[in-house]
$ cat upload16.cif   # mmCIF, C-alpha atoms and all ligand atoms
data_target
loop_
_atom_site.label_atom_id
_atom_site.label_comp_id
_atom_site.auth_asym_id
_atom_site.auth_seq_id
_atom_site.Cartn_x
_atom_site.Cartn_y
_atom_site.Cartn_z
CA MET P 1 81.84 130.58 109.15
CA ASN P 2 82.66 128.29 106.25
CA ARG P 3 81.71 124.64 106.17
CA PRO P 4 84.07 122.94 108.61
CA ILE P 5 85.73 120.59 106.11
CA LEU P 6 89.49 121.16 105.78
CA ALA P 7 92.45 119.34 104.23
CA SER P 8 95.63 119.98 106.24
CA ILE P 9 98.84 119.28 104.35
CA HIS P 10 101.69 118.44 106.71
CA THR P 11 105.02 119.50 105.22
CA GLU P 12 106.83 117.78 108.09
CA ALA P 13 105.39 114.46 106.90
CA PHE P 14 106.65 115.22 103.38
CA ARG P 15 110.15 115.71 104.83
CA HIS P 16 109.89 112.50 106.82
CA ASN P 17 108.73 110.45 103.82
CA LEU P 18 111.43 111.90 101.56
CA ASN P 19 114.00 110.87 104.17
CA ARG P 20 112.54 107.37 104.15
CA VAL P 21 113.08 107.25 100.38
CA ARG P 22 116.69 108.38 100.91
CA GLU P 23 117.19 105.59 103.44
CA LEU P 24 115.70 103.00 101.11
CA ALA P 25 117.58 104.20 98.02
CA PRO P 26 120.76 105.76 99.40
CA GLU P 27 122.67 105.45 96.13
CA SER P 28 119.96 107.02 93.96
CA LYS P 29 118.88 110.52 93.21
CA ILE P 30 115.19 111.27 93.70
CA TRP P 31 112.60 112.56 91.28
CA SER P 32 109.72 113.51 93.56
CA VAL P 33 106.63 112.90 91.45
CA ILE P 34 104.16 115.76 91.83
CA LYS P 35 101.79 115.18 88.92
CA ALA P 36 98.05 115.72 89.41
CA ARG P 37 98.54 118.75 91.69
CA SER P 38 100.88 116.67 93.83
CA TYR P 39 98.39 113.83 94.08
CA GLY P 40 95.80 116.38 95.23
CA HIS P 41 98.04 118.01 97.87
CA GLY P 42 98.86 121.15 95.87
CA LEU P 43 102.18 122.25 94.38
CA GLU P 44 102.85 124.86 97.03
CA ALA P 45 102.91 122.35 99.88
CA ALA P 46 105.01 119.92 97.85
CA LEU P 47 107.59 122.58 97.06
CA ARG P 48 107.84 123.52 100.73
CA GLY P 49 107.93 119.97 102.06
CA LEU P 50 110.10 118.37 99.40
CA GLU P 51 112.60 121.14 98.75
CA SER P 52 115.55 118.85 99.48
CA THR P 53 114.62 116.52 96.61
CA ASP P 54 116.98 116.24 93.63
CA GLY P 55 114.23 117.06 91.18
CA PHE P 56 110.50 117.23 90.59
CA ALA P 57 108.78 115.07 87.99
CA LEU P 58 105.46 116.28 86.58
CA LEU P 59 103.31 116.29 83.47
CA ASP P 60 102.19 119.80 82.72
CA ILE P 61 104.77 122.30 81.50
CA GLN P 62 102.76 125.06 83.19
CA ASP P 63 103.59 123.42 86.50
CA ALA P 64 107.28 123.58 85.55
CA ARG P 65 106.83 127.27 84.90
CA TRP P 66 105.18 127.66 88.30
CA LEU P 67 108.14 125.95 90.00
CA ARG P 68 110.64 128.19 88.21
CA ASP P 69 108.62 131.30 89.06
CA ARG P 70 108.72 130.21 92.68
CA GLY P 71 112.52 130.02 92.52
CA TRP P 72 113.05 126.25 92.11
CA LYS P 73 116.51 125.89 90.59
CA GLY P 74 116.83 122.10 90.73
CA ARG P 75 115.91 119.70 88.00
CA ILE P 76 112.44 119.22 86.56
CA LEU P 77 111.44 116.17 84.51
CA LEU P 78 108.48 116.26 82.14
CA LEU P 79 107.33 112.69 82.76
CA GLU P 80 105.56 112.23 79.44
CA GLY P 81 107.81 114.59 77.53
CA LEU P 82 106.15 117.22 75.39
CA PHE P 83 102.64 116.89 74.04
CA HIS P 84 103.25 119.34 71.18
CA GLN P 85 106.29 120.26 69.12
CA ASN P 86 105.83 123.98 69.67
CA GLU P 87 106.60 123.59 73.41
CA LEU P 88 110.28 122.77 72.83
CA ALA P 89 111.58 126.31 73.15
CA PHE P 90 109.51 126.82 76.31
CA ALA P 91 110.84 123.56 77.79
CA GLN P 92 114.37 124.71 77.04
CA GLU P 93 113.79 128.12 78.57
CA LEU P 94 112.55 126.38 81.73
CA ALA P 95 115.53 123.98 81.68
CA CYS P 96 113.31 120.90 81.82
CA ASP P 97 114.59 117.36 81.39
CA LEU P 98 112.46 115.47 78.90
CA VAL P 99 111.12 111.97 78.78
CA VAL P 100 111.11 110.79 75.18
CA HIS P 101 108.79 107.85 74.57
CA CYS P 102 107.92 107.84 70.86
CA GLU P 103 109.21 108.45 67.36
CA ASN P 104 107.35 111.76 67.01
CA GLN P 105 109.16 113.23 69.98
CA ILE P 106 112.51 112.12 68.55
CA GLN P 107 111.77 113.85 65.26
CA TRP P 108 110.75 117.04 67.07
CA LEU P 109 114.12 117.05 68.81
CA GLU P 110 116.02 116.40 65.59
CA ASP P 111 114.19 119.29 64.01
CA PHE P 112 114.83 121.57 66.97
CA HIS P 113 118.53 120.76 67.14
CA SER P 114 119.02 121.28 63.43
CA LYS P 115 118.25 124.94 64.27
CA GLY P 116 121.14 125.07 66.73
CA ALA P 117 119.36 124.57 70.07
CA LYS P 118 121.12 123.53 73.29
CA PRO P 119 120.97 119.77 73.95
CA PHE P 120 118.39 118.51 76.44
CA ASN P 121 118.73 116.02 79.25
CA VAL P 122 116.71 113.11 77.90
CA PHE P 123 115.18 110.14 79.73
CA LEU P 124 114.53 107.72 76.89
CA LYS P 125 111.67 105.45 77.83
CA MET P 126 111.70 101.80 76.93
CA ASN P 127 108.53 99.73 76.77
CA SER P 128 109.85 96.73 78.66
CA GLY P 129 106.46 95.04 78.92
CA MET P 130 103.83 97.37 80.36
CA ASN P 131 102.71 98.39 76.87
CA ARG P 132 101.69 101.89 77.81
CA LEU P 133 104.35 104.50 76.94
CA GLY P 134 107.79 103.74 75.57
CA LEU P 135 109.77 102.55 72.59
CA ASN P 136 109.83 98.85 71.92
CA PRO P 137 113.18 97.22 72.66
CA GLU P 138 113.99 96.65 68.96
CA LEU P 139 113.69 100.38 68.25
CA TYR P 140 115.27 101.55 71.46
CA LYS P 141 118.97 101.38 70.62
CA LEU P 142 118.66 103.22 67.37
CA ALA P 143 116.57 105.93 69.07
CA PHE P 144 119.20 106.22 71.79
CA HIS P 145 121.99 106.71 69.27
CA ARG P 146 120.01 109.26 67.25
CA LEU P 147 119.44 111.43 70.32
CA HIS P 148 122.97 110.89 71.54
CA ALA P 149 124.23 112.10 68.16
CA LEU P 150 122.33 115.37 68.71
CA GLY P 151 124.39 115.91 71.86
CA CYS P 152 121.53 115.10 74.28
CA HIS P 153 122.55 113.93 77.75
CA MET P 154 121.03 110.50 77.71
CA HIS P 155 119.41 108.39 80.46
CA HIS P 156 117.67 105.04 80.24
CA MET P 157 114.17 104.78 81.67
CA THR P 158 111.39 102.23 82.02
CA HIS P 159 108.27 101.77 84.15
CA PHE P 160 106.98 98.63 85.90
CA ALA P 161 103.44 97.35 85.51
CA ASN P 162 103.41 95.09 88.55
CA ALA P 163 105.90 96.37 91.11
CA ASP P 164 103.02 96.55 93.60
CA GLN P 165 102.97 92.77 93.80
CA VAL P 166 104.75 92.59 97.11
CA ASP P 167 106.04 89.02 96.78
CA GLN P 168 108.69 89.25 94.04
CA SER P 169 106.50 89.68 91.00
CA PRO P 170 107.75 87.55 88.11
CA THR P 171 106.77 90.27 85.62
CA VAL P 172 109.08 92.78 87.34
CA GLY P 173 111.85 90.25 86.80
CA ALA P 174 110.95 89.88 83.13
CA GLN P 175 110.75 93.65 82.56
CA LEU P 176 114.05 94.14 84.37
CA GLU P 177 115.73 91.47 82.29
CA CYS P 178 114.46 93.03 79.08
CA PHE P 179 115.64 96.49 80.16
CA ASN P 180 119.05 95.39 81.45
CA GLY P 181 119.65 93.24 78.40
CA MET P 182 118.95 96.08 76.01
CA ILE P 183 121.08 98.71 77.77
CA ALA P 184 123.99 96.39 78.64
CA ASP P 185 126.35 97.88 76.09
CA ILE P 186 125.13 101.51 76.23
CA ALA P 187 126.38 103.22 79.36
CA ALA P 188 124.05 105.93 80.72
CA PRO P 189 122.32 106.66 84.04
CA THR P 190 119.06 104.77 84.61
CA SER P 191 115.63 105.45 86.10
CA LEU P 192 113.26 102.58 86.88
CA ALA P 193 111.67 102.55 90.30
CA ASN P 194 108.27 103.93 91.33
CA SER P 195 107.25 103.70 95.01
CA ALA P 196 106.39 100.02 94.79
CA ALA P 197 109.79 99.12 93.37
CA ILE P 198 111.55 101.25 96.02
CA LEU P 199 109.66 99.36 98.72
CA TRP P 200 109.71 95.83 97.34
CA HIS P 201 112.07 95.40 94.40
CA ARG P 202 115.32 96.77 95.68
CA ASN P 203 117.34 95.21 92.88
CA ALA P 204 115.68 97.64 90.47
CA LEU P 205 116.39 101.08 91.89
CA GLY P 206 118.64 102.63 89.24
CA ASP P 207 120.37 106.00 89.41
CA TRP P 208 117.16 108.04 89.68
CA VAL P 209 114.16 106.70 91.61
CA ARG P 210 110.68 108.11 90.95
CA PRO P 211 108.59 107.91 94.13
CA GLY P 212 105.07 109.29 94.05
CA ILE P 213 102.51 107.77 96.39
CA MET P 214 104.95 106.90 99.19
CA LEU P 215 105.91 110.58 99.54
CA TYR P 216 102.27 111.22 100.39
CA GLY P 217 102.22 108.41 102.96
CA ALA P 218 99.88 106.06 101.11
CA SER P 219 100.32 102.56 99.75
CA PRO P 220 101.17 101.55 96.19
CA THR P 221 99.07 98.42 96.64
CA GLY P 222 96.03 100.19 98.05
CA SER P 223 96.46 98.25 101.30
CA TYR P 224 97.79 100.12 104.31
CA GLN P 225 99.01 96.88 105.89
CA ASP P 226 101.58 96.58 103.14
CA ILE P 227 103.30 99.84 104.11
CA GLU P 228 102.74 99.77 107.85
CA HIS P 229 106.34 98.71 108.44
CA ALA P 230 107.80 101.30 106.07
CA HIS P 231 107.02 104.02 108.64
CA LEU P 232 105.60 106.57 106.27
CA GLN P 233 103.38 109.40 107.48
CA ALA P 234 100.12 110.62 105.98
CA VAL P 235 100.67 114.07 104.51
CA MET P 236 97.01 114.99 104.02
CA HIS P 237 94.66 114.99 107.00
CA LEU P 238 91.06 115.51 105.92
CA HIS P 239 88.95 116.85 108.76
CA SER P 240 85.41 117.98 109.30
CA GLU P 241 82.88 118.20 112.13
CA ILE P 242 79.66 116.69 113.32
CA ILE P 243 76.96 119.23 112.37
CA ASP P 244 73.86 117.39 113.65
CA ILE P 245 72.90 114.35 115.71
CA GLN P 246 69.86 112.11 115.26
CA GLU P 247 68.40 109.80 117.90
CA LEU P 248 67.17 106.65 116.15
CA ARG P 249 64.85 103.94 117.44
CA LYS P 250 65.41 100.28 116.61
CA GLY P 251 64.40 99.70 112.97
CA ASP P 252 64.76 103.34 111.83
CA ARG P 253 66.66 103.82 108.58
CA VAL P 254 69.28 106.38 107.60
CA GLY P 255 69.77 108.46 104.47
CA TYR P 256 69.01 107.94 100.78
CA GLY P 257 67.68 104.49 100.02
CA GLY P 258 67.58 103.74 103.75
CA ARG P 259 70.61 101.53 103.33
CA TYR P 260 71.32 101.24 107.02
CA GLU P 261 68.77 100.05 109.56
CA ALA P 262 69.36 100.75 113.25
CA PRO P 263 69.68 97.42 115.12
CA GLU P 264 68.82 99.17 118.38
CA ALA P 265 68.23 102.67 119.69
CA MET P 266 71.33 104.65 118.77
CA ARG P 267 72.77 108.06 117.98
CA ILE P 268 73.83 109.02 114.48
CA GLY P 269 76.28 111.83 113.77
CA VAL P 270 75.90 113.88 110.60
CA VAL P 271 79.31 114.92 109.24
CA ALA P 272 79.92 117.81 106.82
CA CYS P 273 81.65 115.82 104.11
CA GLY P 274 80.16 114.22 101.02
CA TYR P 275 81.01 113.00 97.58
CA ALA P 276 81.16 116.58 96.28
CA ASP P 277 84.15 116.99 98.58
CA GLY P 278 85.82 113.92 97.10
CA TYR P 279 84.72 111.36 99.68
CA PRO P 280 83.80 108.19 97.76
CA ARG P 281 80.07 107.59 97.38
CA GLN P 282 80.88 103.88 97.02
CA ALA P 283 82.04 103.70 100.66
CA LYS P 284 80.35 100.81 102.42
CA ASP P 285 78.79 100.75 105.88
CA GLY P 286 81.62 100.21 108.33
CA THR P 287 84.14 102.49 106.60
CA PRO P 288 86.19 103.93 109.47
CA VAL P 289 85.75 107.55 110.54
CA TRP P 290 87.66 108.92 113.52
CA VAL P 291 85.87 111.12 116.04
CA ASP P 292 87.74 113.25 118.55
CA GLY P 293 87.17 111.95 122.05
CA GLY P 294 87.24 115.43 123.53
CA ALA P 295 90.14 114.51 125.85
CA SER P 296 93.11 116.84 126.07
CA ASP P 297 95.44 114.11 124.76
CA GLY P 298 93.68 114.23 121.38
CA SER P 299 92.63 110.59 121.58
CA GLY P 300 89.53 109.52 119.74
CA LEU P 301 87.44 106.64 118.54
CA ILE P 302 86.44 105.01 115.31
CA CYS P 303 82.76 105.60 114.55
CA PRO P 304 81.95 103.79 111.33
CA LEU P 305 80.03 105.13 108.36
CA VAL P 306 76.40 104.04 108.23
CA GLY P 307 74.11 104.79 105.30
CA ARG P 308 74.91 106.10 101.86
CA VAL P 309 77.28 109.05 101.45
CA SER P 310 75.38 112.00 100.00
CA MET P 311 76.65 115.08 98.17
CA ASP P 312 77.48 117.21 101.18
CA MET P 313 77.06 114.94 104.18
CA MET P 314 77.59 111.50 105.58
CA THR P 315 76.28 109.72 108.64
CA ILE P 316 78.22 107.81 111.30
CA ASP P 317 77.38 105.41 114.11
CA LEU P 318 78.03 107.15 117.44
CA ARG P 319 77.40 104.14 119.70
CA ASN P 320 81.12 104.05 120.50
CA ALA P 321 81.29 107.69 121.37
CA PRO P 322 78.76 108.86 123.96
CA GLN P 323 80.77 112.07 124.39
CA ALA P 324 80.45 113.06 120.72
CA HIS P 325 78.48 116.25 120.18
CA ILE P 326 77.69 118.82 117.52
CA GLY P 327 81.04 120.41 116.77
CA SER P 328 83.12 117.28 117.53
CA ARG P 329 86.08 117.05 115.22
CA VAL P 330 86.14 114.20 112.74
CA GLU P 331 89.00 112.83 110.64
CA LEU P 332 87.94 111.27 107.33
CA TRP P 333 91.50 110.19 106.55
CA GLY P 334 94.99 111.09 107.69
CA ALA P 335 96.98 110.09 110.76
CA GLN P 336 94.16 108.14 112.46
CA VAL P 337 92.44 106.60 109.45
CA PRO P 338 94.73 105.59 106.57
CA VAL P 339 93.33 106.81 103.26
CA ASP P 340 93.97 103.29 101.98
CA ASP P 341 91.43 101.90 104.49
CA VAL P 342 88.74 104.24 103.17
CA ALA P 343 89.74 103.33 99.61
CA GLN P 344 89.55 99.60 100.31
CA MET P 345 86.02 99.97 101.66
CA SER P 346 85.14 101.83 98.46
CA GLY P 347 86.64 99.54 95.84
CA THR P 348 89.53 101.83 94.91
CA ILE P 349 93.05 102.86 95.95
CA GLY P 350 94.32 105.76 98.04
CA TYR P 351 95.80 107.43 94.95
CA GLU P 352 92.34 108.05 93.51
CA LEU P 353 90.90 109.50 96.71
CA LEU P 354 93.83 111.86 97.28
CA CYS P 355 93.77 113.11 93.69
CA ALA P 356 90.01 113.62 93.80
CA VAL P 357 89.77 115.97 96.79
CA ALA P 358 87.46 118.65 95.44
CA PRO P 359 88.41 122.28 94.87
CA ARG P 360 85.70 123.37 97.31
CA VAL P 361 87.64 121.80 100.21
CA ALA P 362 89.71 124.45 101.97
CA VAL P 363 93.42 123.62 102.23
CA GLU P 364 95.76 124.57 105.02
CA ILE P 365 99.52 124.04 104.72
CA LYS P 366 101.08 123.14 108.03
C1 LIG L 1 103.22 108.42 88.46
C2 LIG L 1 104.52 107.88 88.08
C3 LIG L 1 105.45 107.48 89.04
C4 LIG L 1 105.13 107.45 90.52
O1 LIG L 1 104.39 106.29 90.82
P1 LIG L 1 103.97 105.91 92.32
O2 LIG L 1 103.29 104.61 92.19
O3 LIG L 1 103.01 106.98 92.77
O4 LIG L 1 105.21 105.89 93.11
C5 LIG L 1 106.69 107.07 88.62
N1 LIG L 1 107.01 107.03 87.30
C6 LIG L 1 106.13 107.39 86.34
C7 LIG L 1 106.53 107.31 84.91
C8 LIG L 1 104.86 107.82 86.70
O5 LIG L 1 104.00 108.18 85.74
#

$ encode --input "upload16.cif" --output "structure tokens"
Amino acid sequence: MNRPILASIHTEAFRHNLNRVRELAPESKIWSVIKARSYGHGLEAALRGLESTDGFALLDIQDARWLRDRGWKGRILLLEGLFHQNELAFAQELACDLVVHCENQIQWLEDFHSKGAKPFNVFLKMNSGMNRLGLNPELYKLAFHRLHALGCHMHHMTHFANADQVDQSPTVGAQLECFNGMIADIAAPTSLANSAAILWHRNALGDWVRPGIMLYGASPTGSYQDIEHAHLQAVMHLHSEIIDIQELRKGDRVGYGGRYEAPEAMRIGVVACGYADGYPRQAKDGTPVWVDGGASDGSGLICPLVGRVSMDMMTIDLRNAPQAHIGSRVELWGAQVPVDDVAQMSGTIGYELLCAVAPRVAVEIK
């Protein structure tokens, strides 16, 4: 038998979340963002669960190749464009749409087209204030016209720095104003909104939305409360089992550094999941872990983390769960415990935990 840790990827939840995006952005087409191995969920599951999307947006051209090999005929957007000039022919062969964010990439295209290539679909990226990727507004129009002159099918694109500020962020307004002002007299389809903008800045959707984290059922803000009413479903359920139980006396300590001291006699469950599986070592005492109650209805209880997470194991307080035994099923995150709750207790966001699930964790696509 293998170690009992398992990540189940629920394609039904992918379908549900994609439908939620459609409901929230009914006028827009959808780039489903599947960078970073689909935020740690794997490309295979994403392709199965999100097959009714309008296109997939990703970073690595090898992932585009994988999608084409698997028969994906819809659109594919290379979210950061090409990293090297010599990938242009490959990108064309794979019929990828390109983000263009800098002068180098424009020159590569000019060069390529001077040799008689077919024009690309281009999403020209404007730096409207985030100051990460994109052309500054003064350079944007000229760049647009240069690519347009090559015959490229042009789209306007920008990315928000603060769309996760739920109460109308003023910087979203400023970025939007900059973007809208610059493109006012150049008609082309637009792409602006990440998950946070789809959820909270509905005046900034554009013709193509770019949801990532909400397709996986986690929160752009890192706080589950913020998305509770959006009715998204967790796609990844990370499970393991209790593999040992310790009976502590009052004052006994648990694990490395003895961080937790038993306030009374109590049982501790040892769970087969540690930081080498991608569970955050920074998780504080009290981080929720769900333990199967053993009832046929699948109900269970929260038994909080106590003591430091080690490489392969973690320890939980079983005082709530007298029925728990070796072999009891445990959910680290998923439908019972939002990944955002674990992230919050660890000083990070759900994105990071999902992306960091380790290769040694077995994956099952449901
Ligand atoms: C990652 C990414 C997204 C998706 O962001 P979420 O916050 O996960 O919705 C959208 N657009 C770009 C350019 C990205 O890099």

$ closest_residue --input "upload16.cif" --among "P:Glu352, P:Glu364, P:Asp292, P:Glu27" --to "ligand LIG 1 (chain L)" --atoms "only C-alpha atoms and all ligand atoms"
P:Glu352

$ atom_distance --input "upload16.cif" --atom1 "CA of Ile326 in chain P" --atom2 "CA of Gly269 in chain P"
8.1 Å

$ closest_residue --input "upload16.cif" --among "P:Asn104, P:Arg48, P:Glu110, P:Ser328" --to "His145 in chain P" --atoms "only C-alpha atoms"
P:Glu110

$ residues_around --input "upload16.cif" --residues "range 228-231 of chain P" --least-positions-apart "2" --cutoff "9 Å" --atoms "all atoms listed in the file" --output "PyMOL selection string"
chain P and resi 17+20+199+217+219+224-226+233

$ atom_distance --input "upload16.cif" --atom1 "CA of Gly294 in chain P" --atom2 "CA of Gln323 in chain P"
7.3 Å

$ residues_near_ligand --input "upload16.cif" --ligand "ligand LIG 1 (chain L)" --cutoff "7 Å" --atoms "all atoms listed in the file" --output "number ranges by chain"
P: 33, 35, 79, 159, 193-196, 210-214, 220

$ closest_residue --input "upload16.cif" --among "P:Arg319, P:His239, P:Phe120, P:Met345" --to "Asp285 in chain P" --atoms "all atoms listed in the file"
P:Met345

$ atom_distance --input "upload16.cif" --atom1 "CA of His101 in chain P" --atom2 "CA of Cys152 in chain P"
14.7 Å

$ residues_near_point --input "upload16.cif" --point "(105.1, 123.6, 85.4)" --cutoff "12 Å" --atoms "all atoms listed in the file" --output "PyMOL selection string"
chain P and resi 34-38+43-44+47+56-70+72+75-79+82+90-91+93-96

$ residues_near_point --input "upload16.cif" --point "(109.5, 116.8, 102.2)" --cutoff "9 Å" --atoms "only C-alpha atoms" --output "compact mmCIF listing (two decimals) with C-alpha atoms, in the frame of the given file"
# COMPACT_ATOMS: atom_id res chain seq x y z
CA THR P 11 105.02 119.50 105.22
CA GLU P 12 106.83 117.78 108.09
CA ALA P 13 105.39 114.46 106.90
CA PHE P 14 106.65 115.22 103.38
CA ARG P 15 110.15 115.71 104.83
CA HIS P 16 109.89 112.50 106.82
CA ASN P 17 108.73 110.45 103.82
CA LEU P 18 111.43 111.90 101.56
CA ASN P 19 114.00 110.87 104.17
CA ALA P 45 102.91 122.35 99.88
CA ALA P 46 105.01 119.92 97.85
CA LEU P 47 107.59 122.58 97.06
CA ARG P 48 107.84 123.52 100.73
CA GLY P 49 107.93 119.97 102.06
CA LEU P 50 110.10 118.37 99.40
CA GLU P 51 112.60 121.14 98.75
CA SER P 52 115.55 118.85 99.48
CA THR P 53 114.62 116.52 96.61
CA LEU P 215 105.91 110.58 99.54
